[in-house]
Structures are given as C-alpha cells and as structure tokens.
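Working notes, beginning with the structure itself.
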Amino acid sequence: MLSRLMDATARHRRLIVAVELAVAVVLVVLNARRADVIRTLFPWEIGVALLGGALAIAAFNRRPRTLEVAPDLRAFVTPAGPGTVFLLGAWVPIASSNIGSGLRDLADREDLWQLDLASLVCYGVALLLLVRTLWISPGLELRHDGMLDRSVAGSLFVPWEAFALDRPACPTGKPGQVAFAYRNPELVRRRGLPRGREQMTVTGVDLWFLSRAIHHYVTQPAFRAAIGTDVEYRRLRQSLQVTPERG
C-alpha cells in the first residue's frame, strides 16, 4: 500500500505540487486576515506536517531501484522520487502560518518588522528551491556521450572518455554517496554553483548497479549509442545479472 502511494505520488508530482501551492495560498490569506477558522485548522496543520515529514523520511530511505529508460532524453535516468513532494506537504502548513502572520505584522509595522521581512524572504527562497526541485526532477542521467548530474543549483557532465578505465565509480560506504575516478579530469564540465566532482550523493538507484553500469559503458564503448532504448536496458541488466525484482 505504501509503495503504491509513493509510486503514484512520483508519477503525479506536478499536479500534487500545484494543489499544495493552492492550499498554501489559501492558508496564507486566512492567517493574514486573522480568520477564526485558523484556530480549528491548527491541530490539522500539525497533523499534516507530521504525516508529511514521516512520509518524506520513508521515501528518502526507500529501497533503491534500478534506472529507468527515458527515450526522449536518449538516456537511462534515476527515478523521480516522492520524498520532496511529501517534504513540501509537510512544509506548507508551517510556512503558510508564518508567512501569513509575517505579512500581517509587516502591514501593521509592528516592532521588529524587519525580522518579519527577512523571514518572508527566507520562506520565499525555500519555496522556490522546493518547487524548482520538484519541477525539473534533478537526478543522474547516463547518456550516449557520458554521465550528466542535474541539481537545483547547476549540473555536472562527465564524458565517458574522462572516467578512469579501472573502477571509474564505486560506493564510498556512506549513504547514497558514490566516488568517481578520472583519467582525463579536464574533460569534466561543471555549470552553476560549485559541487564535488570526486564524490556525489545519488538517490533513487542502487549504487552498486549504477557503478557497474558506468564501468560497463566506460569499457564497452560500442554499446553507448543504444543508451536510452528498452532493448539496450534489457541487455544491460542481463549483462550485469540484474532482474526487476533484485537491484
């Protein structure tokens, strides 16, 4: 039941985000107007925040899966997870209450209204980051020309020729962390805010499967052109002895 809920949330994440944002706007207006209904909503808001937080923790700690085929991108990609959707759901009741009261204090120019303004800016930045994370679905892509890691703040592209032939990728032992080795590090291209090139945090996929897949395409260039097709993905799983049930 929980697995189905998470799969459905991941598939319809943009629709759910739109609903969550609409609810956030309504709650902000109610809080800003000192509506009496807020008193009855308060226990409900706490419950939603706790439930969303619990689901987010469960989603981020979910058993990793293998990659997914993305024919439109000509790539194998990490699956979009529901963790951030639940995190936004937990954040909405708390943020809407604080934003509404902050707007009210700012309009009345109460004491320390500058702190309210700073708080509103922080909440606005957090909202933009969450929505952008959900909308662009950052993650890892294995493409015909290399590996692309997309994040909210930028991207990192590593051509296959840049990886070391011997053990190009390997889990570090830390949760979700993979270490990379390069023979031509000057080919690595990075955009946006700086982030590590030698180590990377990856979610939504089994790290050993990912490492073996990278090693496979680094040492077997003849198969790179077919990346992004169902036929090639089935061949990759067979060559790595991976089944849909076992990552």
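Identifiers in this document derive from the order of the structure tokens: chains are assigned A, B, ..., residues are numbered from 1 separately in each chain, and ligands are numbered from 1 in order of occurrence.
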
Exercise: A:Leu50 partners within 12 Å, only C-alpha atoms, chain neighbours under 3 positions left out, as a list in words: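 The neighbour list is Pro43, Trp44, Glu45, Ile46, Gly47, Gly53, Ala54, Leu55, Ala56, Ile57, Phe86, Leu87, Leu88, Gly89, Ala90, Trp91, Val92, Pro93 and Ile94 of chain A.
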
Selection above as a file: C-alpha atoms, as a PDB file, in the first residue's frame:
ATOM      1  CA  PRO A  43      -4.338  20.767  15.034  1.00  0.00           C
ATOM      2  CA  TRP A  44      -4.939  19.742  11.434  1.00  0.00           C
ATOM      3  CA  GLU A  45      -1.869  21.666  10.287  1.00  0.00           C
ATOM      4  CA  ILE A  46       0.297  19.966  12.913  1.00  0.00           C
ATOM      5  CA  GLY A  47      -1.016  16.564  11.840  1.00  0.00           C
ATOM      6  CA  GLY A  53       7.564  14.573   7.419  1.00  0.00           C
ATOM      7  CA  ALA A  54       7.174  10.878   8.214  1.00  0.00           C
ATOM      8  CA  LEU A  55       6.351  10.034   4.591  1.00  0.00           C
ATOM      9  CA  ALA A  56       9.295  12.125   3.370  1.00  0.00           C
ATOM     10  CA  ILE A  57      11.692  10.242   5.660  1.00  0.00           C
ATOM     11  CA  PHE A  86       5.965  14.908   0.915  1.00  0.00           C
ATOM     12  CA  LEU A  87       8.529  17.369   2.241  1.00  0.00           C
ATOM     13  CA  LEU A  88       6.689  20.228   0.565  1.00  0.00           C
ATOM     14  CA  GLY A  89       3.419  18.934   2.013  1.00  0.00           C
ATOM     15  CA  ALA A  90       4.938  18.992   5.487  1.00  0.00           C
ATOM     16  CA  TRP A  91       6.377  22.446   4.903  1.00  0.00           C
ATOM     17  CA  VAL A  92       3.161  24.093   3.640  1.00  0.00           C
ATOM     18  CA  PRO A  93       1.207  24.286   6.956  1.00  0.00           C
ATOM     19  CA  ILE A  94       4.169  25.626   8.912  1.00  0.00           C
TER      20      ILE A  94
END

Skip A:Phe180 itself and residues of its chain fewer than 4 positions away, then list as a PyMOL selection string all residues within 6 Å of it, counting only C-alpha atoms. chain A and resi 168-169+198

Same residues, all heavy atoms, saved as an mmCIF file, in the first residue's frame:
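As a result, again_35.cif now contains:
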data_model
loop_
_atom_site.group_PDB
_atom_site.id
_atom_site.type_symbol
_atom_site.label_atom_id
_atom_site.label_comp_id
_atom_site.auth_asym_id
_atom_site.auth_seq_id
_atom_site.Cartn_x
_atom_site.Cartn_y
_atom_site.Cartn_z
ATOM 1 N N PRO A 168 35.873 3.175 -12.371
ATOM 2 C CA PRO A 168 35.530 4.587 -12.540
ATOM 3 C C PRO A 168 34.554 5.109 -11.493
ATOM 4 O O PRO A 168 34.545 6.308 -11.201
ATOM 5 C CB PRO A 168 34.906 4.633 -13.927
ATOM 6 C CG PRO A 168 34.392 3.249 -14.152
ATOM 7 C CD PRO A 168 35.358 2.344 -13.461
ATOM 8 N N ALA A 169 33.726 4.222 -10.931
ATOM 9 C CA ALA A 169 32.756 4.635 -9.920
ATOM 10 C C ALA A 169 32.620 3.533 -8.889
ATOM 11 O O ALA A 169 32.663 2.343 -9.217
ATOM 12 C CB ALA A 169 31.400 4.927 -10.548
ATOM 13 N N GLU A 198 34.617 14.518 -7.373
ATOM 14 C CA GLU A 198 35.127 13.195 -6.995
ATOM 15 C C GLU A 198 34.109 12.376 -6.216
ATOM 16 O O GLU A 198 34.176 11.153 -6.208
ATOM 17 C CB GLU A 198 36.401 13.342 -6.153
ATOM 18 C CG GLU A 198 37.634 13.708 -6.949
ATOM 19 C CD GLU A 198 37.594 15.155 -7.441
ATOM 20 O OE1 GLU A 198 36.934 15.985 -6.783
ATOM 21 O OE2 GLU A 198 38.208 15.442 -8.481
#

Which residue, A:Leu148, A:Leu15, A:Leu134, A:Val69, has the smallest gap to A:Arg189 when you use only C-alpha atoms?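 Of A:Leu148, A:Leu15, A:Leu134, A:Val69, the one nearest A:Arg189, counting only C-alpha atoms, is A:Leu148.
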
Between A:Thr66, A:Thr219, A:Ser211, A:Ser119, which residue has the minimum interatomic distance to A:Leu103, considering only C-alpha atoms?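 Closest to A:Leu103 of all the choices is A:Ser119.
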
Which neighbours of A:Asn184 fall inside 7 Å, counting only C-alpha atoms, when residues of the same chain fewer than 2 positions from it are skipped, and could you give them as an NGL selection string? :A and (162-163 or 182 or 186-187)

From the set A:Asn31, A:Val121, A:Arg132, A:Leu106, which residue has the shortest atom-to-atom contact distance to A:Val17, counting only C-alpha atoms?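 Checking each of A:Asn31, A:Val121, A:Arg132, A:Leu106 against A:Val17, counting only C-alpha atoms, the winner is A:Arg132.
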